[in-house]
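Student: Below: one structure in structure tokens.
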Amino acid sequence: MWKRFAQQWEFQVMAIPAIIFIIVFSYIPMWGFLMAFQNYDIFRGFANSSWVGMKHFDMFFGAPEFWQIMRNTIVISLLKLLIGFPAPIILALMLNEVRNRVFKRFVQTVSYIPHFISLVVATGLLISLLAVDHGNFNDLMLKWNLIEEPVNWLSTPSYFWTILVSLGVWKEIGFGAIVYLAAIAGVDPHLYEAAQIDGAGRFKQVFAITLPCIAPIIIIFLILSVSNILNIGFEEILLLTNRGANAVVKDVSEVIDTYVYRVGIQNQRYSYAVAVGVFKSVVSVMLLVIANAAARKFGKSSLW
Amino acid sequence: MVFIYGSLVLLAFVTLYPFWNALAISFNAGFDTAKGGVTFWPRVFSLENYKVVLQDQRLLDAFFVTAARTAVGTAGTTFFTAMFAYALSKRGLVGKKFYMIVCLITMYFSGGLIPSYLLIRELHLMNTFWVMVVPNLISVWNMIIFRTFFLQLPDGLEESAKIDGSNNFGIFFKIVLPVSGPVLATLALFTGVWHWNSWFDASIYITNQKLLPIQTLLSNIINSNLTADTAKFLKQTTVSMLDQQKAVTYKSLLMTTMVVSTIPILAVYPFVQKYFAKGVLVGSLKE
């Protein structure tokens, strides 16, 4: 083996620095989870900080904001899953029905522009449209007599979830549809011909042929989004709430990730923030296992 | 059918309108924008917003930082990741299985925000330009796409160069990279767009105002909301201009900056369009 290693030293020189790089930037932080069981002190360092067991976890579970954070995280996750997940599939199915190629191409090209636009600009545009002071949206609603006076949409707790989920759909619907469109294009055309002979209309064909044929891809993406369910637009929320400083909507906007950011980066309670992050990772892994088991039981596809 | 066409037209409109509106406001005089009602076209045409944005030293610095991180970051990431992938595409590489496992685990697990933050601090990368470049030098995702491509290259390609006496680095530079044009272009474009749009890393790692990229500076401006707060983000001359002429206001300036910061993305969009459908599919079907 060493002889072979010596012969291929040039390739090893290409690979080993990259591996060391990955170990430093990805694996060392993974060991940081141990900080959750310490009173980490930046001056004493990791090795000399004292161990405190489950103290930070107990503190988090006992914190007055715990249930609120959990509720927000779960509700926003579920809304994103229920609305954000099917939206690209519906778009792909709709685009598939369009016969005019130029129109189809136009809508498709336009629909994935937002994916490439920075989140800062996307939220900036949204904030401008929703502005109290002559934002286009308020002007329009006033004109149509749907509201009596301008509404401060972004500082009204009851609208926050709707706005957040809409922003997510707006940004990713087109990009998400690409994969499904490709899957639909791969469906055997003979199946449609057979269905037509049997007298199935276009609408029926969607449910009888298209959806069952692309179901494996849908299920795989569904499992992936369930395992990612707790990663819910952390950056969007920060940008829409002035880095978590908008106290008016805090009751509905604070999720696990923004909480970690606030207590960890802003208040520098490192060990406590890591404990909250570890709790989130554990829940995520559990969800992934459950989702995969469910997919195995009800369907044929699974991740492992 | 009518329903489908109607929905799609609505989707296209909702997608495009915010950009179109920003463009209209950027060409409209600030005092007029403040009256509200600017939608599709500027009412009082003005180039003042652009004059101010393109002369403001703070904004120019930020654009320069963004351009630099995009150029250096994209070149670095693409090069190191491609080289890594090339080594991993070699048959009989000692330790290949171990290397691959090391890579794959990072796709499912990460240390999270706080440990990464403390690591950057320990490495003394805080408040340096390199904090935006170095931690992203190897992309496991891109490595896998590169590797899939390299595995398909015919063996004969490298044989001829070996006969000429080139070593493996020479082969990588002179033969492998040149034939990887489309993959290289796709992944470089993606990395470039990602760098151009990044704001969060700089917002936690950089406090030196001169080192902030445009997206982070923009997020600071947007979040400052109140016009009074904005003053501190702009140079004195700009502020006095805000007071005197009113051709430029907080909002018109913000919209113009957003337009300017988005132009490079829209400029490369046709290329992204051309390449990425393939790239995305390769990636997602591998899952």
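Just remember, in the structure tokens the first chain shown is A, the second B, etc., residues are 1-based per chain, and ligands are 1-based in the order shown.
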Check range 35-225 of chain A with DSSP on the backbone and list each residue it calls strand (DSSP E or B), as a list in words.
Tutor: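 Taking range 35-225 of chain A and keeping strand (DSSP E or B) only, one gets Gln38, Asn39, Ser50 and Trp51 of chain A.
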Student: Excluding Thr109 in chain A and its own-chain neighbours fewer than 5 positions away, which residues fall within 10 Å of it when counting only C-alpha atoms? Please give them as a PDB file with C-alpha atoms, in the first residue's frame.
Tutor:
ATOM      1  CA  PHE A 103     -45.393  31.155 -23.441  1.00  0.00           C
ATOM      2  CA  LYS A 104     -44.231  28.114 -21.486  1.00  0.00           C
ATOM      3  CA  GLY A 174     -39.865  28.202 -10.220  1.00  0.00           C
ATOM      4  CA  PHE A 175     -36.569  26.628  -9.294  1.00  0.00           C
TER       5      PHE A 175
ATOM      6  CA  ALA B  12     -45.165  35.871 -14.037  1.00  0.00           C
ATOM      7  CA  TYR B 269     -28.664  35.108 -15.975  1.00  0.00           C
ATOM      8  CA  PRO B 270     -28.812  34.006 -19.640  1.00  0.00           C
ATOM      9  CA  GLN B 273     -30.151  29.647 -17.701  1.00  0.00           C
TER      10      GLN B 273
END
Student: Pick from B:Tyr108, B:Phe173, B:Tyr17, B:Tyr117: nearest to Tyr270 in chain A, with only C-alpha atoms counted?
Tutor: B:Tyr117
Student: Leaving out Asn21 in chain B and any residue of its chain fewer than 2 positions from it, which residues lie within 8 Å of it when counting only C-alpha atoms, given as a list in words?
Tutor: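 Residues meeting the cut-off are Tyr17, Pro18, Phe19, Leu23, Ala24, Ile25, Val38, Thr39, Phe40 and Trp41 of chain B.
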Student: Could the residues in this selection be written to a file with C-alpha atoms, as a short mmCIF file (atom, residue, chain, number, x, y, z; two decimals), in the first residue's frame?
Tutor:
data_model
loop_
_atom_site.label_atom_id
_atom_site.label_comp_id
_atom_site.auth_asym_id
_atom_site.auth_seq_id
_atom_site.Cartn_x
_atom_site.Cartn_y
_atom_site.Cartn_z
CA TYR B 17 -43.48 43.41 -10.79
CA PRO B 18 -41.27 44.04 -7.73
CA PHE B 19 -38.19 44.33 -9.96
CA LEU B 23 -36.47 50.08 -11.61
CA ALA B 24 -39.19 52.71 -12.05
CA ILE B 25 -38.50 54.16 -8.60
CA VAL B 38 -45.18 55.10 -8.65
CA THR B 39 -45.88 51.74 -10.24
CA PHE B 40 -44.75 50.91 -13.76
CA TRP B 41 -43.09 54.08 -15.03
#
Student: Could you give me, as a ChimeraX atom specification, the residues within 9 Å of Ala34 in chain B, counting only C-alpha atoms and dropping anything in the same chain fewer than 5 positions from it?
Tutor: /A:133-134 /B:29,249,251-252
Student: Convert the current residue selection to file output with C-alpha atoms, as a short mmCIF file (atom, residue, chain, number, x, y, z; two decimals), in the first residue's frame.
Tutor:
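Written out: again31.cif:
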data_model
loop_
_atom_site.label_atom_id
_atom_site.label_comp_id
_atom_site.auth_asym_id
_atom_site.auth_seq_id
_atom_site.Cartn_x
_atom_site.Cartn_y
_atom_site.Cartn_z
CA ASP A 133 -46.10 55.04 3.89
CA HIS A 134 -47.46 54.68 0.34
CA ALA B 29 -37.12 61.81 -8.43
CA THR B 249 -34.55 60.20 -0.66
CA LYS B 251 -36.28 55.08 -0.41
CA SER B 252 -35.20 56.11 -3.91
#
Student: Identify, on the basis of only C-alpha atoms, every residue whose closest approach to range 154-157 of chain A does not exceed 7 Å; exclude the query and any residue fewer than 4 positions from it along the same chain; express the result as JSON, numbers by chain.
Tutor: {"A": [248, 249, 252]}
Student: Got time to write the residues from that selection, N, CA and C atoms, as a PDB file, in the first residue's frame?
Tutor:
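Written output follows (selection-v1.pdb):
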ATOM      1  N   VAL A 248     -42.372  43.815  18.110  1.00  0.00           N
ATOM      2  CA  VAL A 248     -43.819  43.677  17.912  1.00  0.00           C
ATOM      3  C   VAL A 248     -44.192  42.284  17.420  1.00  0.00           C
ATOM      4  N   VAL A 249     -43.365  41.727  16.498  1.00  0.00           N
ATOM      5  CA  VAL A 249     -43.717  40.426  15.940  1.00  0.00           C
ATOM      6  C   VAL A 249     -42.915  39.283  16.567  1.00  0.00           C
ATOM      7  N   VAL A 252     -44.294  35.814  17.294  1.00  0.00           N
ATOM      8  CA  VAL A 252     -44.571  34.856  16.220  1.00  0.00           C
ATOM      9  C   VAL A 252     -43.345  34.584  15.356  1.00  0.00           C
TER      10      VAL A 252
END
Student: Excluding Phe61 in chain A and residues on its chain fewer than 5 positions from it, collect all residues at most 12 Å away from it, counting only C-alpha atoms, and give them as a PyMOL selection string.
Tutor: chain A and resi 54-56+66-70+272+275-276+279
Student: Quick one: pull the distance between CA of Val94 in chain B and CA of Gly111 in chain B, Å, one decimal.
Tutor: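 Between these atoms lies a distance of 28.1 Å.
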Student: Please give the complete set of residues from range 102-290 of chain A that DSSP, run on the backbone, assigns to alpha helix (DSSP H), formatted as number ranges by chain.
Tutor: A: 102-111, 113-116, 119-129, 136-143, 157-185, 189-197, 202-205, 211-227, 234-240, 250-253, 256-260, 270-290
Student: Let's have the selection written as a compact mmCIF listing (two decimals), in the first residue's frame, with C-alpha atoms.
Tutor:
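Full text of selection-v2.txt as output:
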# COMPACT_ATOMS: atom_id res chain seq x y z
CA VAL A 102 -43.00 30.40 -26.29
CA PHE A 103 -45.39 31.16 -23.44
CA LYS A 104 -44.23 28.11 -21.49
CA ARG A 105 -40.60 29.08 -21.86
CA PHE A 106 -41.32 32.65 -20.86
CA VAL A 107 -43.17 31.71 -17.67
CA GLN A 108 -40.51 29.18 -16.76
CA THR A 109 -37.63 31.58 -17.33
CA VAL A 110 -39.33 34.30 -15.33
CA SER A 111 -40.35 31.98 -12.51
CA ILE A 113 -35.34 34.55 -11.54
CA PRO A 114 -36.05 35.06 -7.80
CA HIS A 115 -33.97 32.01 -6.89
CA PHE A 116 -30.86 33.82 -8.11
CA LEU A 119 -32.39 37.40 -0.14
CA VAL A 120 -31.48 40.89 0.98
CA VAL A 121 -32.85 42.38 -2.23
CA ALA A 122 -35.90 40.10 -2.16
CA THR A 123 -36.82 41.18 1.35
CA GLY A 124 -35.93 44.77 0.51
CA LEU A 125 -38.40 44.75 -2.39
CA LEU A 126 -41.05 43.13 -0.19
CA ILE A 127 -40.56 45.66 2.59
CA SER A 128 -40.86 48.47 0.08
CA LEU A 129 -44.08 47.10 -1.45
CA ASN A 136 -47.83 49.87 -3.51
CA PHE A 137 -49.74 47.17 -1.68
CA ASN A 138 -51.37 49.53 0.78
CA ASP A 139 -52.23 51.94 -2.05
CA LEU A 140 -53.87 49.15 -4.01
CA MET A 141 -55.85 47.85 -1.04
CA LEU A 142 -57.03 51.38 -0.26
CA LYS A 143 -58.05 51.92 -3.87
CA PRO A 157 -48.20 39.57 14.25
CA SER A 158 -51.20 37.91 12.59
CA TYR A 159 -49.82 38.50 9.07
CA PHE A 160 -46.23 37.50 9.74
CA TRP A 161 -46.49 33.80 8.93
CA THR A 162 -48.43 34.46 5.73
CA ILE A 163 -45.83 36.96 4.55
CA LEU A 164 -42.93 34.67 5.42
CA VAL A 165 -44.40 31.64 3.65
CA SER A 166 -45.39 33.72 0.60
CA LEU A 167 -41.86 35.07 0.32
CA GLY A 168 -40.53 31.52 0.36
CA VAL A 169 -42.94 30.38 -2.34
CA TRP A 170 -42.23 33.45 -4.48
CA LYS A 171 -38.51 32.84 -4.29
CA GLU A 172 -38.32 29.09 -4.86
CA ILE A 173 -41.42 27.95 -6.76
CA GLY A 174 -39.86 28.20 -10.22
CA PHE A 175 -36.57 26.63 -9.29
CA GLY A 176 -38.30 23.80 -7.47
CA ALA A 177 -40.50 23.08 -10.51
CA ILE A 178 -37.52 22.28 -12.75
CA VAL A 179 -36.93 18.84 -11.29
CA TYR A 180 -40.61 17.91 -11.53
CA LEU A 181 -40.84 19.16 -15.12
CA ALA A 182 -37.89 16.96 -16.01
CA ALA A 183 -39.58 14.01 -14.31
CA ILE A 184 -42.83 14.68 -16.17
CA ALA A 185 -40.92 14.86 -19.47
CA PRO A 189 -46.00 9.02 -23.92
CA HIS A 190 -47.67 5.68 -24.74
CA LEU A 191 -49.36 5.79 -21.35
CA TYR A 192 -51.16 9.00 -22.35
CA GLU A 193 -52.16 7.53 -25.70
CA ALA A 194 -53.58 4.48 -23.98
CA ALA A 195 -55.47 6.70 -21.54
CA GLN A 196 -56.92 8.76 -24.39
CA ILE A 197 -58.17 5.62 -26.08
CA ARG A 202 -56.63 15.77 -19.58
CA PHE A 203 -57.57 16.37 -15.99
CA LYS A 204 -58.00 12.69 -15.31
CA GLN A 205 -54.69 11.89 -17.02
CA LEU A 211 -48.73 12.00 -10.65
CA PRO A 212 -48.26 8.26 -10.12
CA CYS A 213 -45.33 8.28 -12.56
CA ILE A 214 -43.50 11.09 -10.79
CA ALA A 215 -44.42 9.86 -7.29
CA PRO A 216 -40.98 8.36 -6.53
CA ILE A 217 -39.28 11.73 -7.12
CA ILE A 218 -41.94 13.52 -5.10
CA ILE A 219 -41.46 11.13 -2.19
CA ILE A 220 -37.68 11.49 -2.20
CA PHE A 221 -37.97 15.27 -2.17
CA LEU A 222 -40.62 15.03 0.52
CA ILE A 223 -38.32 12.99 2.77
CA LEU A 224 -35.53 15.50 2.18
CA SER A 225 -37.76 18.42 3.06
CA VAL A 226 -39.04 16.70 6.18
CA SER A 227 -35.47 16.16 7.34
CA PHE A 234 -33.59 31.66 9.22
CA GLU A 235 -32.12 34.43 7.06
CA GLU A 236 -35.56 35.54 5.82
CA ILE A 237 -36.79 35.91 9.37
CA LEU A 238 -33.70 37.89 10.41
CA LEU A 239 -34.09 40.22 7.45
CA LEU A 240 -37.84 40.70 7.92
CA LYS A 250 -41.26 38.58 18.15
CA ASP A 251 -43.98 36.41 19.64
CA VAL A 252 -44.57 34.86 16.22
CA SER A 253 -41.16 35.26 14.57
CA ILE A 256 -34.95 27.92 17.21
CA ASP A 257 -32.41 29.25 14.70
CA THR A 258 -33.06 32.92 15.37
CA TYR A 259 -32.95 32.17 19.10
CA VAL A 260 -29.53 30.52 18.74
CA TYR A 270 -22.16 30.39 23.76
CA SER A 271 -22.76 27.20 25.74
CA TYR A 272 -26.46 27.89 26.10
CA ALA A 273 -26.83 28.62 22.38
CA VAL A 274 -24.97 25.42 21.47
CA ALA A 275 -27.30 23.43 23.75
CA VAL A 276 -30.31 24.86 21.90
CA GLY A 277 -28.63 23.98 18.57
CA VAL A 278 -27.91 20.42 19.74
CA PHE A 279 -31.55 20.02 20.76
CA LYS A 280 -32.56 21.08 17.23
CA SER A 281 -30.16 18.59 15.60
CA VAL A 282 -31.54 15.74 17.70
CA VAL A 283 -35.11 16.59 16.71
CA SER A 284 -34.07 16.85 13.03
CA VAL A 285 -32.44 13.43 13.02
CA MET A 286 -35.51 11.93 14.68
CA LEU A 287 -37.77 13.49 12.04
CA LEU A 288 -35.58 12.14 9.23
CA VAL A 289 -35.72 8.62 10.64
CA ILE A 290 -39.49 8.81 11.12
Student: Nearest to chain A among B:Pro42, B:Pro182, B:Gly192, B:Pro154, with distances taken over only C-alpha atoms: which residue is it?
Tutor: B:Gly192
